[in-house]
file query_30.cif (mmCIF, C-alpha atoms)
data_structure
loop_
_atom_site.label_atom_id
_atom_site.label_comp_id
_atom_site.auth_asym_id
_atom_site.auth_seq_id
_atom_site.Cartn_x
_atom_site.Cartn_y
_atom_site.Cartn_z
CA MET T 843 0.00 0.00 0.00
CA THR T 844 1.29 3.45 -0.92
CA ASP T 845 -0.08 6.64 0.62
CA TYR T 846 0.15 9.93 -1.30
CA GLU T 847 -1.19 12.27 1.42
CA GLY T 848 2.04 14.30 1.85
CA THR T 849 4.50 15.69 -0.67
CA HIS T 850 6.07 12.29 -1.29
CA PRO T 851 4.42 8.89 -1.57
CA THR T 852 4.81 6.92 1.66
CA VAL T 853 4.83 3.28 2.62
CA PRO T 854 4.26 1.64 6.01
CA VAL T 855 7.39 0.66 7.93
CA ARG T 856 7.15 -1.48 11.04
CA VAL T 857 10.00 -2.76 13.20
CA GLY T 858 8.86 -4.26 16.48
CA ASP T 859 6.54 -1.73 18.11
CA ARG T 860 7.73 1.12 15.88
CA TYR T 861 5.45 2.05 13.02
CA ALA T 862 5.22 5.02 10.66
CA GLN T 863 4.34 5.99 7.12
CA ILE T 864 7.75 6.80 5.61
CA ASP T 865 8.63 8.46 2.30
CA GLU T 866 9.03 5.49 -0.04
CA GLN T 867 12.63 6.24 -1.09
CA LEU T 868 13.66 6.51 2.57
CA ALA T 869 11.73 3.49 3.83
CA PRO T 870 14.55 0.89 3.46
CA ALA T 871 17.03 3.15 5.25
CA ILE T 872 14.64 4.01 8.09
CA GLN T 873 13.77 0.34 8.50
CA ALA T 874 17.50 -0.49 8.72
CA MET T 875 18.02 2.34 11.26
CA TRP T 876 15.23 1.04 13.46
CA GLU T 877 16.55 -2.53 13.15
CA CYS T 878 19.90 -1.19 14.41
CA GLY T 879 18.10 0.37 17.39
CA PHE T 880 18.46 4.01 16.29
CA ASP T 881 15.57 6.33 17.11
CA THR T 882 14.34 8.92 14.61
CA PHE T 883 11.94 11.85 14.90
CA THR T 884 11.16 12.86 11.32
CA CYS T 885 12.49 12.33 7.83
CA CYS T 886 12.04 13.52 4.26
CA GLN T 887 13.36 12.03 1.02
CA ASP T 888 13.71 15.45 -0.70
CA VAL T 889 13.70 18.53 1.53
CA GLY T 890 13.65 20.99 -1.39
CA GLU T 891 10.58 19.37 -2.93
CA SER T 892 8.77 19.25 0.40
CA ASN T 893 9.27 22.93 1.05
CA THR T 894 8.62 24.51 -2.37
CA ASP T 895 5.81 26.63 -0.89
CA TRP T 896 7.96 28.15 1.86
CA PRO T 897 9.22 31.12 -0.20
CA GLU T 898 5.61 32.29 -0.72
CA LYS T 899 5.35 33.01 3.02
CA LEU T 900 9.06 33.26 3.80
CA PRO T 901 10.84 34.84 0.80
CA HIS T 902 14.19 34.71 2.60
CA MET T 903 14.02 30.89 2.42
CA ALA T 904 13.96 30.66 -1.41
CA GLU T 905 17.70 30.08 -1.82
CA TRP T 906 17.79 27.52 1.00
CA VAL T 907 14.82 25.58 -0.43
CA GLU T 908 16.45 25.45 -3.87
CA SER T 909 19.77 24.30 -2.36
CA ARG T 910 18.03 21.37 -0.65
CA ARG T 911 16.56 19.83 -3.81
CA GLY T 912 17.73 16.23 -4.00
CA TRP T 913 18.74 16.20 -0.33
CA THR T 914 17.40 13.79 2.27
CA LEU T 915 16.82 14.84 5.88
CA ILE T 916 16.58 12.71 9.01
CA ASP T 917 16.07 14.06 12.53
CA PHE T 918 17.39 11.98 15.44
CA PRO T 919 17.63 12.31 19.18
CA VAL T 920 21.26 13.43 19.63
CA ASP T 921 22.60 10.09 20.96
CA SER T 922 20.92 8.04 18.21
CA GLY T 923 22.16 10.42 15.54
CA LEU T 924 25.74 10.12 16.75
CA ALA T 925 25.42 6.31 16.89
CA PHE T 926 24.00 6.32 13.33
CA LEU T 927 26.98 8.36 12.06
CA SER T 928 29.42 5.99 13.76
CA ALA T 929 27.63 2.96 12.32
CA VAL T 930 27.65 4.15 8.71
CA THR T 931 31.27 5.27 8.85
CA ASN T 932 32.55 2.10 10.52
CA ALA T 933 30.65 -0.28 8.22
CA GLY T 934 32.43 0.74 5.03
CA LEU T 935 35.66 1.95 3.53
CA ARG T 936 37.08 5.37 4.24
CA ASP T 937 36.23 6.42 0.71
CA ALA T 938 34.51 9.48 -0.82
CA PHE T 939 31.29 8.54 1.02
CA TYR T 940 33.22 8.57 4.30
CA VAL T 941 34.80 11.95 3.52
CA ARG T 942 31.36 13.43 2.73
CA THR T 943 30.04 12.21 6.09
CA THR T 944 32.94 13.56 8.14
CA HIS T 945 34.18 16.84 6.64
CA TRP T 946 32.07 19.90 5.94
CA ALA T 947 34.25 21.05 3.00
CA ALA T 948 34.02 17.82 0.98
CA PRO T 949 32.03 17.86 -2.27
CA ASP T 950 28.38 17.15 -1.35
CA ALA T 951 29.36 17.07 2.33
CA TRP T 952 26.66 15.90 4.69
CA ASP T 953 25.08 18.65 6.74
CA VAL T 954 25.05 17.48 10.36
CA THR T 955 23.69 19.93 12.90
CA VAL T 956 22.81 19.70 16.55
CA ARG T 957 19.82 21.97 17.09
CA PRO T 958 19.37 23.48 20.55
CA MET T 959 15.67 23.76 21.31
CA ASP T 960 13.98 26.13 23.73
CA VAL T 961 11.20 24.49 25.76
CA ALA T 962 9.35 27.83 25.63
CA MET T 963 8.80 27.35 21.86
CA PHE T 964 6.18 24.74 22.74
CA ARG T 965 4.99 26.07 26.11
CA ALA T 966 4.86 29.86 26.11
CA GLU T 967 4.21 30.03 29.88
CA LEU T 968 7.67 28.59 30.62
CA PRO T 969 10.88 30.61 30.80
CA SER T 970 13.40 29.88 28.07
CA GLN T 971 15.49 26.81 28.72
CA PHE T 972 17.56 25.36 25.92
CA ARG T 973 18.33 21.67 25.53
CA LEU T 974 20.33 19.70 23.01
CA GLN T 975 17.58 17.48 21.72
CA LEU T 976 17.84 17.13 17.95
CA LEU T 977 20.63 16.00 15.64
CA GLN T 978 19.68 16.75 12.06
CA VAL T 979 21.43 14.88 9.24
CA SER T 980 20.97 15.94 5.63
CA PHE T 981 22.75 14.31 2.72
CA PRO T 982 22.44 13.86 -1.04
CA ALA T 983 19.69 11.38 -1.86
CA TYR T 984 22.14 9.45 -4.02
CA ASP T 985 23.78 8.29 -0.76
CA LEU T 986 20.63 6.43 0.38
CA PRO T 987 21.58 3.01 -1.09
CA GLU T 988 25.03 3.18 0.53
CA VAL T 989 23.54 4.31 3.86
CA THR T 990 21.17 1.33 3.79
CA ARG T 991 23.91 -1.09 2.78
CA ARG T 992 26.21 0.10 5.56
CA LEU T 993 23.43 -0.07 8.15
CA ARG T 994 22.77 -3.69 7.16
CA GLU T 995 26.48 -4.43 7.52
CA HIS T 996 26.45 -2.79 10.95
CA ALA T 997 23.38 -4.81 11.99
CA ALA T 998 25.18 -7.99 10.90
CA GLY T 999 28.13 -7.06 13.12
CA ARG T 1000 30.47 -6.38 10.21
CA SER T 1001 32.78 -3.39 10.22
CA VAL T 1002 35.74 -2.36 8.11
CA PRO T 1003 39.10 -1.95 9.88
CA PRO T 1004 40.23 1.67 10.21
CA ALA T 1005 42.48 2.87 7.40
CA PRO T 1006 43.70 6.19 6.01
CA ALA T 1007 41.24 8.23 3.97
CA ASP T 1008 41.92 10.18 0.77
CA TRP T 1009 41.44 13.77 1.94
CA SER T 1010 42.53 15.37 -1.35
CA THR T 1011 39.04 16.73 -2.07
CA ILE T 1012 39.32 18.97 0.98
CA GLY T 1013 42.89 20.07 0.29
CA ARG T 1014 44.71 17.79 2.72
#

call {"tool": "encode", "arguments": {"input": "query_30.cif", "output": "structure tokens"}}
result
Amino acid sequence: MTDYEGTHPTVPVRVGDRYAQIDEQLAPAIQAMWECGFDTFTCCQDVGESNTDWPEKLPHMAEWVESRRGWTLIDFPVDSGLAFLSAVTNAGLRDAFYVRTTHWAAPDAWDVTVRPMDVAMFRAELPSQFRLQLLQVSFPAYDLPEVTRRLREHAAGRSVPPAPADWSTIGR
């Protein structure tokens, strides 16, 4: 069954007691993440496509929306996001994929951000109190098959021994 209620078609994903309608291109990766025990909050298979209407209300967001076309986004609790990053980097070679995940200046570098959140955003009667709650990972959608493959390797207990990486794309 495919659901077309949102921007992207979704499919049901269930792992144990976890269940959600997930964008169909992201479903295999989210299923693998949950099978590895990583928690997620939200996800989107193409952030630019999902937010095409933003510039109508928020003109300053037009350039950002356009820059996110073809980019996947996954929100994690901080600890799960860090564990996810470790899993995908340890379950494969230290190749161009690895460099994209670890260095901000690499071509198509992953955008990994910890977002402090103010509790007062959701409960106006409270004084501001910031917490580190959300780790947001955004990467080119073309990395999805490799993310899924590496998560399956991680789940199977297979890792690749550490080795030097080719850092030439970042000038090292």

call {"tool": "closest_residue", "arguments": {"input": "query_30.cif", "among": "T:Gln873, T:Gln863, T:Thr944, T:Ser1001", "to": "T:Leu927", "atoms": "only C-alpha atoms"}}
result
T:Thr944

call {"tool": "resolve_selection", "arguments": {"input": "query_30.cif", "expression": "the PyMOL selection byres ((chain T and resi 883-894) around 6)", "output": "list in words"}}
result
Thr849, Leu868, Thr882, Asp895, Trp896, Val907, Glu908, Arg910, Arg911, Gly912, Trp913, Thr914, Leu915, Ile916, Asp917 and Phe918 of chain T

call {"tool": "resolve_selection", "arguments": {"input": "query_30.cif", "expression": "the PyMOL selection byres ((chain T and resi 922) around 12)", "output": "list in words"}}
result
Met875, Trp876, Cys878, Gly879, Phe880, Asp881, Thr882, Phe883, Ile916, Asp917, Phe918, Pro919, Val920, Asp921, Gly923, Leu924, Ala925, Phe926, Leu927, Ser928, Ala929, Val956, Gln975, Leu976, Leu977, Gln978 and Val979 of chain T

call {"tool": "write_last_selection", "arguments": {"input": "query_30.cif", "atoms": "C-alpha atoms", "output": "mmCIF file, keeping the file's coordinate frame"}}
result
data_model
loop_
_atom_site.group_PDB
_atom_site.id
_atom_site.type_symbol
_atom_site.label_atom_id
_atom_site.label_comp_id
_atom_site.auth_asym_id
_atom_site.auth_seq_id
_atom_site.Cartn_x
_atom_site.Cartn_y
_atom_site.Cartn_z
ATOM 1 C CA MET T 875 18.020 2.340 11.260
ATOM 2 C CA TRP T 876 15.230 1.040 13.460
ATOM 3 C CA CYS T 878 19.900 -1.190 14.410
ATOM 4 C CA GLY T 879 18.100 0.370 17.390
ATOM 5 C CA PHE T 880 18.460 4.010 16.290
ATOM 6 C CA ASP T 881 15.570 6.330 17.110
ATOM 7 C CA THR T 882 14.340 8.920 14.610
ATOM 8 C CA PHE T 883 11.940 11.850 14.900
ATOM 9 C CA ILE T 916 16.580 12.710 9.010
ATOM 10 C CA ASP T 917 16.070 14.060 12.530
ATOM 11 C CA PHE T 918 17.390 11.980 15.440
ATOM 12 C CA PRO T 919 17.630 12.310 19.180
ATOM 13 C CA VAL T 920 21.260 13.430 19.630
ATOM 14 C CA ASP T 921 22.600 10.090 20.960
ATOM 15 C CA GLY T 923 22.160 10.420 15.540
ATOM 16 C CA LEU T 924 25.740 10.120 16.750
ATOM 17 C CA ALA T 925 25.420 6.310 16.890
ATOM 18 C CA PHE T 926 24.000 6.320 13.330
ATOM 19 C CA LEU T 927 26.980 8.360 12.060
ATOM 20 C CA SER T 928 29.420 5.990 13.760
ATOM 21 C CA ALA T 929 27.630 2.960 12.320
ATOM 22 C CA VAL T 956 22.810 19.700 16.550
ATOM 23 C CA GLN T 975 17.580 17.480 21.720
ATOM 24 C CA LEU T 976 17.840 17.130 17.950
ATOM 25 C CA LEU T 977 20.630 16.000 15.640
ATOM 26 C CA GLN T 978 19.680 16.750 12.060
ATOM 27 C CA VAL T 979 21.430 14.880 9.240
#

call {"tool": "residues_around", "arguments": {"input": "query_30.cif", "residues": "T:Val1002", "least_positions_apart": "6", "cutoff": "10 Å", "atoms": "only C-alpha atoms", "output": "ChimeraX atom specification"}}
result
/T:931-936,995-996

call {"tool": "closest_residue", "arguments": {"input": "query_30.cif", "among": "T:Asp937, T:Asp865, T:Glu898, T:Asp960", "to": "T:Arg973", "atoms": "all atoms listed in the file"}}
result
T:Asp960

call {"tool": "atom_distance", "arguments": {"input": "query_30.cif", "atom1": "atom CA of T:Pro987", "atom2": "atom CA of T:His945"}}
result
20.2 Å

call {"tool": "residues_around", "arguments": {"input": "query_30.cif", "residues": "T:Thr943", "least_positions_apart": "4", "cutoff": "7 Å", "atoms": "all atoms listed in the file", "output": "number ranges by chain"}}
result
T: 939, 951-952
